Structures are given as C-alpha cells and as structure tokens.
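Printed here is protein13.cif (mmCIF, C-alpha atoms and all ligand atoms):
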data_coords
loop_
_atom_site.label_atom_id
_atom_site.label_comp_id
_atom_site.auth_asym_id
_atom_site.auth_seq_id
_atom_site.Cartn_x
_atom_site.Cartn_y
_atom_site.Cartn_z
CA MET A 1 20.59 24.24 -6.78
CA LYS A 2 18.14 23.52 -9.56
CA GLY A 3 16.62 20.09 -9.92
CA TYR A 4 14.53 18.29 -12.51
CA LEU A 5 11.95 15.61 -12.99
CA LYS A 6 12.11 13.97 -16.38
CA LEU A 7 9.25 11.71 -17.35
CA LYS A 8 9.59 8.74 -19.64
CA ASN A 9 7.54 10.55 -22.30
CA GLY A 10 10.24 13.23 -22.48
CA ASP A 11 8.49 15.94 -20.45
CA LYS A 12 10.73 17.87 -18.10
CA PHE A 13 9.76 19.82 -14.96
CA GLU A 14 12.07 22.14 -13.08
CA GLY A 15 12.29 22.83 -9.36
CA GLU A 16 14.70 23.35 -6.50
CA TRP A 17 16.87 20.41 -5.37
CA LEU A 18 16.42 20.53 -1.59
CA THR A 19 18.34 17.50 -0.34
CA GLU A 20 22.09 17.07 0.11
CA SER A 21 23.03 14.20 -2.19
CA SER A 22 23.00 15.04 -5.87
CA GLU A 23 22.54 11.37 -6.90
CA PRO A 24 19.67 10.90 -9.35
CA ALA A 25 16.72 8.62 -8.48
CA ALA A 26 14.40 6.68 -10.75
CA GLY A 27 10.93 5.38 -10.04
CA GLU A 28 7.33 5.16 -11.09
CA VAL A 29 5.94 8.71 -10.75
CA VAL A 30 2.64 8.68 -8.80
CA PHE A 31 0.66 11.32 -6.95
CA TYR A 32 -0.82 11.38 -3.45
CA THR A 33 -3.75 13.69 -2.69
CA GLY A 34 -4.02 13.62 1.14
CA MET A 35 -3.43 16.84 3.08
CA THR A 36 -1.47 15.11 5.84
CA GLY A 37 0.29 11.82 6.42
CA TYR A 38 3.51 12.29 4.45
CA GLN A 39 5.47 10.44 7.14
CA GLU A 40 3.21 7.39 6.92
CA VAL A 41 3.23 7.51 3.12
CA LEU A 42 7.02 7.66 2.88
CA THR A 43 7.42 4.69 5.24
CA ASP A 44 4.60 2.54 3.76
CA PRO A 45 6.41 -0.32 1.93
CA SER A 46 3.71 -0.26 -0.78
CA TYR A 47 5.43 2.86 -2.14
CA LYS A 48 8.72 1.03 -2.64
CA GLY A 49 10.57 2.54 -5.58
CA GLN A 50 7.99 5.21 -6.39
CA ILE A 51 8.55 8.94 -6.85
CA ILE A 52 5.69 10.57 -4.97
CA VAL A 53 4.24 13.89 -6.08
CA PHE A 54 2.28 15.42 -3.19
CA THR A 55 -0.64 17.53 -4.39
CA TYR A 56 -1.18 19.33 -1.07
CA PRO A 57 1.16 22.33 -1.13
CA LEU A 58 2.25 22.37 2.54
CA ILE A 59 4.24 19.17 2.91
CA GLY A 60 6.71 19.11 5.82
CA ASN A 61 4.85 21.64 7.97
CA TYR A 62 4.68 19.40 11.05
CA GLY A 63 8.08 17.71 10.63
CA ILE A 64 8.78 14.05 11.39
CA ASN A 65 7.91 12.45 14.73
CA LYS A 66 8.57 9.16 16.52
CA GLU A 67 4.99 7.88 16.41
CA ASP A 68 3.89 7.80 12.80
CA PHE A 69 6.31 5.43 11.08
CA GLU A 70 4.65 2.60 9.15
CA SER A 71 7.97 0.75 8.93
CA LYS A 72 11.53 1.29 10.12
CA VAL A 73 12.81 2.83 6.90
CA PRO A 74 11.36 5.04 4.15
CA HIS A 75 10.59 3.30 0.87
CA ALA A 76 9.80 6.08 -1.59
CA ALA A 77 12.42 6.67 -4.28
CA GLY A 78 11.90 10.44 -4.32
CA VAL A 79 9.62 13.26 -3.17
CA ILE A 80 8.21 16.15 -5.18
CA VAL A 81 6.39 19.05 -3.52
CA TYR A 82 5.03 22.46 -4.40
CA GLN A 83 6.80 24.41 -1.63
CA GLY A 84 9.46 22.43 0.19
CA ASN A 85 11.97 23.11 2.92
CA MET A 86 9.18 24.30 5.21
CA LYS A 87 9.81 25.52 8.70
CA HIS A 88 8.03 22.84 10.72
CA SER A 89 6.19 23.23 13.96
CA HIS A 90 4.71 20.44 16.07
CA TYR A 91 5.19 19.42 19.69
CA GLN A 92 6.11 15.85 18.68
CA ALA A 93 8.49 16.77 15.84
CA GLU A 94 11.99 15.32 16.07
CA CYS A 95 13.38 16.74 12.83
CA SER A 96 12.35 18.34 9.56
CA LEU A 97 11.23 16.40 6.52
CA VAL A 98 14.35 17.46 4.60
CA GLU A 99 16.61 16.31 7.47
CA TYR A 100 14.84 12.95 7.50
CA LEU A 101 15.20 12.51 3.75
CA ASN A 102 18.87 13.49 3.91
CA LYS A 103 19.44 10.77 6.49
CA TRP A 104 18.13 8.16 4.07
CA ASN A 105 19.53 9.68 0.91
CA ILE A 106 16.15 10.23 -0.69
CA PRO A 107 15.97 13.26 -2.99
CA MET A 108 13.34 15.95 -2.69
CA LEU A 109 12.41 18.46 -5.34
CA GLY A 110 10.63 21.59 -4.13
CA LYS A 111 9.10 24.61 -5.85
CA ALA A 112 7.88 22.23 -8.56
CA ASP A 113 4.70 22.76 -10.55
CA THR A 114 3.02 19.74 -8.97
CA ARG A 115 -0.30 20.60 -10.60
CA ALA A 116 1.22 20.40 -14.09
CA ILE A 117 2.90 17.07 -13.27
CA VAL A 118 -0.34 15.59 -11.91
CA LYS A 119 -2.35 16.79 -14.92
CA LYS A 120 0.15 15.05 -17.16
CA ILE A 121 -0.03 11.79 -15.19
CA ARG A 122 -3.82 11.90 -15.04
CA LYS A 123 -3.92 12.19 -18.82
CA GLU A 124 -1.13 9.83 -19.84
CA GLY A 125 -0.96 7.56 -16.78
CA SER A 126 1.64 6.86 -14.10
CA MET A 127 4.97 6.37 -15.82
CA SER A 128 8.60 6.02 -14.89
CA GLY A 129 10.71 9.10 -14.44
CA VAL A 130 13.98 10.29 -13.04
CA MET A 131 14.77 13.03 -10.52
CA ALA A 132 18.15 14.63 -10.97
CA SER A 133 20.07 17.77 -10.18
CA SER A 134 21.33 17.98 -13.75
CA THR A 135 19.49 17.61 -17.02
CA ALA A 136 21.87 14.83 -18.13
CA ALA A 137 20.09 11.92 -16.38
CA VAL A 138 17.42 10.18 -18.44
CA PRO A 139 14.92 7.58 -17.22
CA GLU A 140 16.29 4.81 -19.44
CA LEU A 141 19.68 5.04 -17.73
CA LEU A 142 18.14 4.19 -14.37
CA PRO A 143 16.00 1.11 -15.04
CA LEU A 144 13.20 0.17 -12.66
CA ASN A 145 13.11 -3.21 -11.00
CA ARG A 146 9.37 -3.74 -10.53
CA ALA A 147 9.41 -7.54 -10.40
CA SER A 148 11.34 -7.91 -7.18
CA LEU A 149 9.71 -5.16 -5.12
CA VAL A 150 8.00 -7.48 -2.61
CA SER A 151 11.19 -9.45 -2.03
CA GLN A 152 12.91 -6.16 -1.16
CA VAL A 153 10.46 -5.31 1.64
CA THR A 154 9.28 -8.63 3.11
CA SER A 155 10.56 -9.80 6.52
CA LYS A 156 13.67 -11.94 6.45
CA GLU A 157 12.40 -14.15 9.25
CA MET A 158 9.32 -15.00 11.24
CA THR A 159 8.53 -12.79 14.26
CA THR A 160 5.73 -13.09 16.82
CA TYR A 161 4.18 -10.04 18.48
CA GLY A 162 1.82 -9.89 21.46
CA ASN A 163 0.28 -12.74 23.41
CA GLY A 164 -3.43 -12.32 22.72
CA ARG A 165 -5.97 -15.11 22.51
CA HIS A 166 -6.33 -15.34 18.73
CA HIS A 167 -3.29 -16.36 16.75
CA ILE A 168 -3.12 -14.54 13.41
CA VAL A 169 -0.47 -15.15 10.77
CA LEU A 170 0.29 -11.97 8.86
CA TYR A 171 1.77 -12.78 5.45
CA ASP A 172 4.27 -9.99 4.89
CA PHE A 173 4.32 -8.58 1.36
CA GLY A 174 5.44 -5.25 2.87
CA TYR A 175 3.02 -4.82 5.77
CA LYS A 176 2.18 -1.50 7.39
CA ARG A 177 2.75 -1.34 11.14
CA SER A 178 -0.83 -0.08 11.59
CA ILE A 179 -2.21 -3.44 10.39
CA LEU A 180 -0.21 -5.21 13.08
CA ASP A 181 -1.39 -2.63 15.67
CA GLU A 182 -5.05 -3.13 14.71
CA LEU A 183 -4.72 -6.88 15.24
CA LEU A 184 -2.80 -6.55 18.50
CA SER A 185 -5.47 -4.19 19.84
CA ARG A 186 -8.07 -6.94 19.23
CA ASN A 187 -6.59 -9.53 21.57
CA CYS A 188 -4.41 -11.19 18.93
CA LYS A 189 -1.01 -12.76 18.95
CA VAL A 190 0.44 -12.03 15.51
CA THR A 191 3.13 -14.00 13.72
CA VAL A 192 4.54 -12.04 10.79
CA VAL A 193 5.95 -14.41 8.16
CA PRO A 194 7.98 -13.81 4.98
CA TYR A 195 5.78 -13.98 1.91
CA GLN A 196 7.39 -17.19 0.60
CA THR A 197 6.47 -19.19 3.73
CA SER A 198 5.13 -22.65 2.86
CA PRO A 199 1.69 -23.96 3.88
CA GLU A 200 3.39 -26.68 5.98
CA THR A 201 5.08 -24.03 8.11
CA ILE A 202 1.82 -22.10 8.43
CA HIS A 203 -0.07 -25.25 9.50
CA SER A 204 2.61 -25.95 12.11
CA LEU A 205 1.90 -22.53 13.64
CA LYS A 206 -1.76 -23.55 14.18
CA PRO A 207 -3.18 -20.12 13.35
CA ASP A 208 -6.78 -19.05 13.97
CA GLY A 209 -6.68 -16.74 10.96
CA ILE A 210 -4.58 -15.33 8.13
CA VAL A 211 -4.07 -11.75 6.98
CA LEU A 212 -2.50 -11.06 3.59
CA SER A 213 -0.82 -7.68 3.82
CA ASN A 214 -0.48 -4.72 1.50
CA GLY A 215 2.67 -4.51 -0.62
CA PRO A 216 4.38 -2.88 -3.58
CA GLY A 217 4.30 -3.65 -7.29
CA ASP A 218 2.29 -5.81 -9.63
CA PRO A 219 0.30 -8.54 -7.80
CA LYS A 220 1.08 -10.92 -10.67
CA SER A 221 4.76 -10.83 -9.67
CA ILE A 222 3.69 -13.09 -6.75
CA LYS A 223 2.15 -15.68 -9.11
CA PRO A 224 4.79 -18.36 -8.42
CA PHE A 225 3.60 -18.44 -4.79
CA MET A 226 -0.09 -18.59 -5.67
CA PRO A 227 -0.48 -22.34 -4.93
CA PHE A 228 0.91 -21.69 -1.41
CA ILE A 229 -1.41 -18.76 -0.86
CA LYS A 230 -4.41 -20.65 -2.18
CA GLU A 231 -3.87 -23.61 0.09
CA VAL A 232 -3.45 -21.43 3.16
CA ILE A 233 -6.43 -19.13 2.58
CA LYS A 234 -8.75 -22.05 1.86
CA THR A 235 -7.88 -23.50 5.25
CA TYR A 236 -8.22 -20.51 7.63
CA PRO A 237 -10.43 -17.42 7.98
CA THR A 238 -8.63 -14.83 5.85
CA MET A 239 -8.59 -11.10 5.28
CA GLY A 240 -6.67 -9.48 2.41
CA ILE A 241 -5.72 -5.81 2.39
CA CYS A 242 -4.81 -4.02 -0.85
CA LEU A 243 -2.16 -6.29 -2.45
CA GLY A 244 -3.58 -9.07 -0.26
CA HIS A 245 -7.03 -8.42 -1.77
CA GLN A 246 -5.61 -8.61 -5.29
CA LEU A 247 -3.88 -11.90 -4.46
CA ILE A 248 -7.14 -13.42 -3.18
CA ALA A 249 -8.78 -12.56 -6.52
CA LEU A 250 -5.86 -14.11 -8.43
CA ALA A 251 -5.94 -17.22 -6.23
CA PHE A 252 -9.57 -17.89 -7.20
CA GLY A 253 -9.01 -17.44 -10.93
CA GLY A 254 -9.57 -13.67 -11.20
CA ASP A 255 -7.33 -11.20 -12.98
CA THR A 256 -5.87 -7.77 -12.18
CA GLU A 257 -5.03 -4.77 -14.35
CA ARG A 258 -3.21 -1.48 -13.99
CA LEU A 259 -5.23 1.68 -13.36
CA LEU A 260 -4.32 4.71 -15.47
CA PHE A 261 -3.03 6.72 -12.51
CA GLY A 262 -4.05 4.81 -9.37
CA HIS A 263 -5.84 5.84 -6.20
CA ARG A 264 -3.54 7.43 -3.62
CA GLY A 265 -5.12 9.62 -0.99
CA ALA A 266 -7.28 9.83 2.09
CA ASN A 267 -10.74 10.60 0.73
CA GLN A 268 -11.63 7.87 -1.77
CA PRO A 269 -15.40 7.23 -1.51
CA VAL A 270 -16.41 3.56 -1.32
CA ILE A 271 -19.92 2.07 -1.37
CA HIS A 272 -20.99 -1.12 0.39
CA MET A 273 -22.98 -2.94 -2.31
CA ASN A 274 -25.59 -4.43 0.06
CA THR A 275 -26.27 -1.57 2.48
CA LYS A 276 -25.51 1.21 -0.07
CA ARG A 277 -23.65 2.96 2.70
CA VAL A 278 -20.85 5.23 1.45
CA PHE A 279 -17.75 6.04 3.46
CA MET A 280 -14.37 7.65 2.91
CA THR A 281 -11.27 5.51 2.72
CA SER A 282 -7.52 5.76 2.65
CA GLN A 283 -6.02 4.25 -0.49
CA ASN A 284 -2.75 3.59 -2.20
CA HIS A 285 -2.83 1.32 -5.20
CA GLY A 286 -2.09 1.24 -8.91
CA TYR A 287 -3.75 -2.09 -9.77
CA VAL A 288 -7.34 -3.35 -9.46
CA VAL A 289 -9.24 -6.60 -9.80
CA LYS A 290 -10.95 -6.84 -13.23
CA GLU A 291 -14.66 -7.15 -12.65
CA LYS A 292 -15.31 -9.49 -15.60
CA SER A 293 -12.54 -11.81 -14.48
CA ILE A 294 -14.34 -12.77 -11.29
CA ALA A 295 -17.72 -13.53 -12.89
CA ALA A 296 -17.03 -17.26 -12.69
CA ALA A 297 -15.05 -17.10 -9.44
CA PRO A 298 -16.62 -18.03 -6.08
CA LEU A 299 -16.39 -14.38 -5.01
CA ASN A 300 -18.99 -11.64 -4.53
CA VAL A 301 -18.21 -7.95 -4.97
CA LEU A 302 -18.82 -6.35 -1.58
CA TYR A 303 -17.49 -2.82 -2.14
CA LYS A 304 -17.00 -0.50 -5.12
CA ASN A 305 -15.28 2.83 -5.65
CA VAL A 306 -17.86 5.57 -6.12
CA ASN A 307 -15.64 7.63 -8.44
CA ASP A 308 -14.70 5.05 -11.06
CA GLY A 309 -16.79 1.97 -10.17
CA SER A 310 -13.72 -0.23 -9.64
CA ILE A 311 -13.85 -3.18 -7.25
CA GLU A 312 -12.98 -2.26 -3.66
CA GLY A 313 -13.77 -5.44 -1.78
CA LEU A 314 -14.66 -9.12 -2.18
CA LYS A 315 -16.25 -11.83 -0.09
CA HIS A 316 -15.97 -15.54 -0.77
CA LYS A 317 -19.33 -17.20 -1.43
CA VAL A 318 -18.72 -20.07 1.01
CA LEU A 319 -15.44 -19.72 2.85
CA PRO A 320 -14.67 -17.08 5.51
CA ILE A 321 -12.53 -14.94 3.21
CA VAL A 322 -12.91 -11.16 2.84
CA SER A 323 -10.73 -8.61 1.13
CA VAL A 324 -10.56 -4.85 0.70
CA GLN A 325 -8.65 -2.79 -1.83
CA PHE A 326 -8.65 0.21 0.53
CA HIS A 327 -6.90 0.49 3.89
CA PRO A 328 -9.13 -0.10 6.95
CA GLU A 329 -6.09 0.53 9.18
CA ALA A 330 -6.11 3.99 7.57
CA ASN A 331 -2.88 5.66 8.55
CA PRO A 332 -3.05 8.28 7.20
CA GLY A 333 -6.72 8.62 6.57
CA PRO A 334 -10.24 8.42 7.94
CA CYS A 335 -10.91 5.55 10.36
CA GLU A 336 -14.53 4.87 9.40
CA SER A 337 -13.75 1.53 7.74
CA ASN A 338 -11.98 0.30 10.85
CA TYR A 339 -14.95 -1.98 11.59
CA ILE A 340 -13.66 -4.33 8.89
CA PHE A 341 -11.12 -5.62 11.41
CA ASP A 342 -13.97 -6.26 13.88
CA GLU A 343 -15.91 -8.21 11.24
CA TYR A 344 -12.81 -10.23 10.43
CA MET A 345 -12.29 -11.03 14.12
CA GLU A 346 -15.89 -12.28 14.29
CA MET A 347 -15.05 -14.67 11.43
CA VAL A 348 -11.95 -15.83 13.28
CA LYS A 349 -13.95 -16.43 16.46
CA HIS A 350 -16.63 -18.39 14.61
CA LYS A 351 -14.24 -20.75 12.95
CA SER A 352 -16.42 -23.70 13.89
CA GLY A 353 -19.24 -22.10 11.90
CA ARG A 354 -17.00 -22.16 8.85
CA GLU A 355 -16.34 -25.85 9.30
CA LYS A 356 -20.08 -26.51 9.29
CA ALA A 357 -20.58 -24.46 6.12
CA TYR A 358 -17.81 -26.35 4.38
CA ALA A 359 -18.91 -29.83 5.47
N1 LIG A 401 -1.01 -0.71 -0.97
C1 LIG A 401 -0.93 -1.81 -1.67
O1 LIG A 401 -0.95 -2.93 -1.16
C2 LIG A 401 -0.74 -1.67 -3.16
C3 LIG A 401 -1.02 -2.91 -3.95
C4 LIG A 401 -0.40 -2.91 -5.33
N2 LIG A 401 1.03 -2.80 -5.23
C5 LIG A 401 -0.97 -1.81 -6.17
O2 LIG A 401 -0.31 -0.82 -6.42
O3 LIG A 401 -2.10 -1.91 -6.61
#

Would you write the structure of this file as structure tokens?
Ligand SMILES: NC(=O)CC[C@H](N)C(=O)O
Amino acid sequence: MKGYLKLKNGDKFEGEWLTESSEPAAGEVVFYTGMTGYQEVLTDPSYKGQIIVFTYPLIGNYGINKEDFESKVPHAAGVIVYQGNMKHSHYQAECSLVEYLNKWNIPMLGKADTRAIVKKIRKEGSMSGVMASSTAAVPELLPLNRASLVSQVTSKEMTTYGNGRHHIVLYDFGYKRSILDELLSRNCKVTVVPYQTSPETIHSLKPDGIVLSNGPGDPKSIKPFMPFIKEVIKTYPTMGICLGHQLIALAFGGDTERLLFGHRGANQPVIHMNTKRVFMTSQNHGYVVKEKSIAAAPLNVLYKNVNDGSIEGLKHKVLPIVSVQFHPEANPGPCESNYIFDEYMEMVKHKSGREKAYA
C-alpha cells in the first residue's frame, strides 16, 4: 500500500505504508542522523509526538531487543525510513522493527526519499506534518498538542530505585532509563518524582542532589512550575540534562528559542570552553538557551556546539549547579561525556563545600 508524508507547507512525499493500521498520524517532523540506536530513539520520551525521519538508510537491520528500551513504551508519532521492512539479524533480537511498531500502532513509511525530506526541513525548519495511507489527510485536521507533552510522559507517582549511599531526586519531565542507570551505577539511591512535585515534598525526602531530566516540547511550557524548580535547585547540588538544562537557564532569568531544525544524532561535536577539548556527543533537542539572555544571569557558558556555536552547557557562578544540552548518558551515542556524571557526583559528595561558598 502506498503511503504519504504531507508537510504543513504543502509538500508531499510518497512511500510504502509498512505498518498494519491505516490510521493517520500527526507530529512535528524531525530528522535523526545516527547510524544505530533506533530502539532507544523511539522509546526516548523527548521524542513524544514527533515524526522521526531517519537519515541512515538501514533502519531495522538488528531488530528490537529486550535491553535497549529507554522507557516502557515508544513515544514517536511516526517513523520514516529510506528502506524499511528489513530482514533483521541479531542474537538479542526479539522481533522486527515493523512488528514492534504494529504492536504500538505507530505508522512507518518506507521507501521514502528521506534525503529530500531532510533537505526541505534543513531549509525551512522542522514543521508539523501528517503521515497517512491516503492523500486525503491534511496536517490541519490532526492538530498537535505541544503544550501538554511533559504531562503526558511524566511519572504518575514517586518511585525509589536502588539503595546506594547518595540520595538523588530525579525530576521526571520524561526521563531516559539510561540517566537512572548512570546514577544507580554510582552508588545512588534515586527517587523519581513527577515534574509538578512541590519543594516541600522534595525537602521531606532529604536528598543529597537533584537531577532535572530530559523531556519533550518547549521548555517554556513548564514556566508555571519555575518557582518550584528554582527553590529546589538553589538548595541542592543540581545537574540538568537537555530539557533540564534549558529549565535551569529559565530559572535564572535566561531565555530559550527554537532551532531551525534541531540537533538529533550521535556525533554532535562539543567544545569545553576552558580546556578547549572537543568531544562527540549524543543529542536530541529542538530548543536552545539564547546566549544573550544569560549575560546578566549568574551562569557561565561551559560548553558550546562546534557546528553552530550554540550553548551546550552551563555552570552556576556560585552554587553547585551544572547543566548540559547534550546527553552524557548517551544511549545511543558515544560515551565520552560520561564523566559529567562523575563530576556531578563529586559536587554531591562535597555538599559541605557548597555551604561554605554560600555562607
Ligand atoms: N531531549 C530533550 O530533553 C529535549 C529538550 C527539548 N524538548 C528540546 O527539544 O529542545
């Protein structure tokens, strides 16, 4: 059966509809450039409601396994690939990509001219679109609900994992399992809390540190909770990852803006501003912190993207607060920024040092 992607600007791309349900799907059309990691990408809550165009042609070649889920359910609205319906082969594979998508009723378009779609998005920017098996569906008929994305993926209740020595509260805006795993592997007990959790509740947990997770959508949609976030992060050593990083900037008076087409892939070069060391990072974001907006904020720029110069990390001038726009937990992606978790744990362990600095 034929299938189509229609972009908001009216452009139409044809392909083969590979999944069972013929229901159309709408979402923000974005592209991901990594060669592997489709299972992690599809189950990363930051992709909630997005139609993902994979630029690597062989997507599905190693199937779906039990190990690589970033959350229990997939979050992407749709999948677009160059080949599709690949015969998979891997010793850990449990099923094919198409079988997995069928289970969750997520459409996949194969044999699509992914290069043409990406060139369009790179020129005109990420935009909404609709995937359908008939040409009748139009994007306007399937409106997007960007504002409530975080509330769709956050935990419903508080859950504690592990019994390590350092108690970390992970604010859940749509956290990736790998972030939890990184903390657990560093002798932490982690309490995952819904993103609306009040400072009083956090204080009652007596945490040693706070992590603000990644998550979908516009960081400004969390603005009503900013006073909560600000109070909590000023009190405990804090690390922000991706959306969490953007929220730290907003909390200290900074501003965010939308990138033309975002950074989504596993080889985004980032430079450490002090050491000038460059390393590759895994990324997935459509918004960035505006550099001018933090000029008066008590934040230093610690990392920048080598390709476009955008801000990739911040450090508070006095308080033990650090944040990165990229993903140090890096699944999928290179692990060379993994040390950021070690640095954060040092901050957590030297809490008394923070108290001295603040006195
Ligand atoms: N991975 C993330 O946390 C993404 C953050 C935010 N939703 C963005 O697109 O910029």

>> Taking (-11.8, -15.8, -11.4) in the coordinates of the supplied file, I want to know which residues reach to within 7 Å of it, counting all atoms listed in the file; could you give the answer as a list in words?
In response: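 Selection result: Ala249, Leu250, Phe252, Gly253, Gly254, Asp255, Ser293, Ile294, Ala295, Ala296 and Ala297 of chain A.
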
> Hey, which of A:Thr55, A:Lys8, A:Pro227, A:Tyr82 ends up closest to Met35 in chain A? Count only C-alpha atoms.
Replying inline: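 Looking at the shortest contact to Met35 in chain A, the residue is A:Thr55.
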
> Hey, what's within 8 Å of range 279-290 of chain A if we count all atoms listed in the file and toss same-chain stuff fewer than 4 positions away? As a PyMOL selection string, please?
Replying inline: chain A and resi 46+218-219+242+246+249+254-271+294+310-311+325-328+330-337

> Using only C-alpha atoms and all ligand atoms, which of A:Glu94, A:Asp44, A:Glu346, A:Asp181 sits nearest ligand LIG 401 (chain A)?
Replying inline: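 Checking each candidate against ligand LIG 401 (chain A), we get A:Asp44 as the closest.
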
> Got a sec to check which residues sit within 12 Å of (-2.0, -27.3, 7.6), counting only C-alpha atoms, and write them as a list in words?
Replying inline: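 Residues found, by chain and rising number: Ser198, Pro199, Glu200, Thr201, Ile202, His203, Ser204, Leu205, Lys206, Pro207, Asp208, Phe228, Glu231, Val232, Ile233, Lys234, Thr235 and Tyr236 of chain A.
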
> What lies within 10 Å of range 119-132 of chain A using all atoms listed in the file, ignoring chain neighbours under 5 positions off, as JSON, numbers by chain?
Replying inline: {"A": [2, 3, 4, 5, 6, 7, 8, 9, 10, 11, 12, 13, 14, 17, 22, 23, 24, 25, 26, 27, 28, 29, 30, 31, 50, 51, 77, 78, 79, 80, 107, 108, 109, 114, 137, 138, 139, 140, 141, 142, 143, 144, 258, 259, 260, 261, 262, 286]}

> Do you have the CA of Gly15 in chain A-CA of Ala112 in chain A distance handy?
Replying inline: 4.5 Å

> So which residues touch range 169-177 of chain A within 6 Å, counting all atoms listed in the file, skipping near sequence neighbours fewer than 2 positions away, as a list in words?
Replying inline: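 Listing them by chain and then by number gives Asp44, Pro45, Glu70, Val150, Val153, Thr154, Ile179, Leu180, Val190, Thr191, Val192, Val193, Pro194, Tyr195, Ile210, Val211, Leu212, Ser213, Asn214 and Gly215 of chain A.
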
> Skipping near chain neighbours, those fewer than 3 positions away, what residues fall within 8 Å of Ser221 in chain A using all atoms listed in the file, listed as a ChimeraX atom specification?
Replying inline: /A:147-148,217-218,224

> Which is closer to ligand LIG 401 (chain A) than all the others in A:Phe225, A:Tyr91, A:Tyr38, A:Tyr47, using all atoms listed in the file?
Replying inline: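 Nearest candidate to ligand LIG 401 (chain A) out of A:Phe225, A:Tyr91, A:Tyr38, A:Tyr47: A:Tyr47.
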
> Smallest atom-to-atom distance to Tyr62 in chain A: which of A:Gly164, A:Gly37, A:Pro74, A:Gly49, using all atoms listed in the file?
Replying inline: A:Gly37

> Which value, in Å to one decimal, gives the distance between CA of Ile59 in chain A and CA of Leu97 in chain A?
Replying inline: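 These atoms are spaced 8.3 Å apart.
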
> Which distance in Å separates CA of Met347 in chain A and CA of Asn305 in chain A, to one decimal?
Replying inline: 24.5 Å

> Between A:Leu149, A:Asp308, A:Cys188, A:Lys103, which is the closest to ligand LIG 401 (chain A) once you count all atoms listed in the file?
Replying inline: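 Among A:Leu149, A:Asp308, A:Cys188, A:Lys103, it is A:Leu149 that comes nearest to ligand LIG 401 (chain A).
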
> Which of these residues is nearest to Asn61 in chain A, using only C-alpha atoms: A:Ala93, A:Lys315, A:Ala76, A:Tyr32?
Replying inline: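 Nearest candidate to Asn61 in chain A out of A:Ala93, A:Lys315, A:Ala76, A:Tyr32: A:Ala93.
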
Please give the centre and size of the box around ligand LIG 401 (chain A) (axis-aligned, containing every atom listed in the file, 6 Å added per side), with values in Å to one decimal and written as JSON.
{"center_x": -0.5, "center_y": -1.8, "center_z": -3.8, "size_x": 15.1, "size_y": 14.2, "size_z": 17.6}

>> Give me, as a list in words, all polymer residues having an atom no more than 7 Å from Gln39 in chain A, counting all atoms listed in the file and skipping those fewer than 3 positions away in the same chain.
In response: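 The contact residues come out as Leu42, Thr43, Ile64, Asp68 and Phe69 of chain A.
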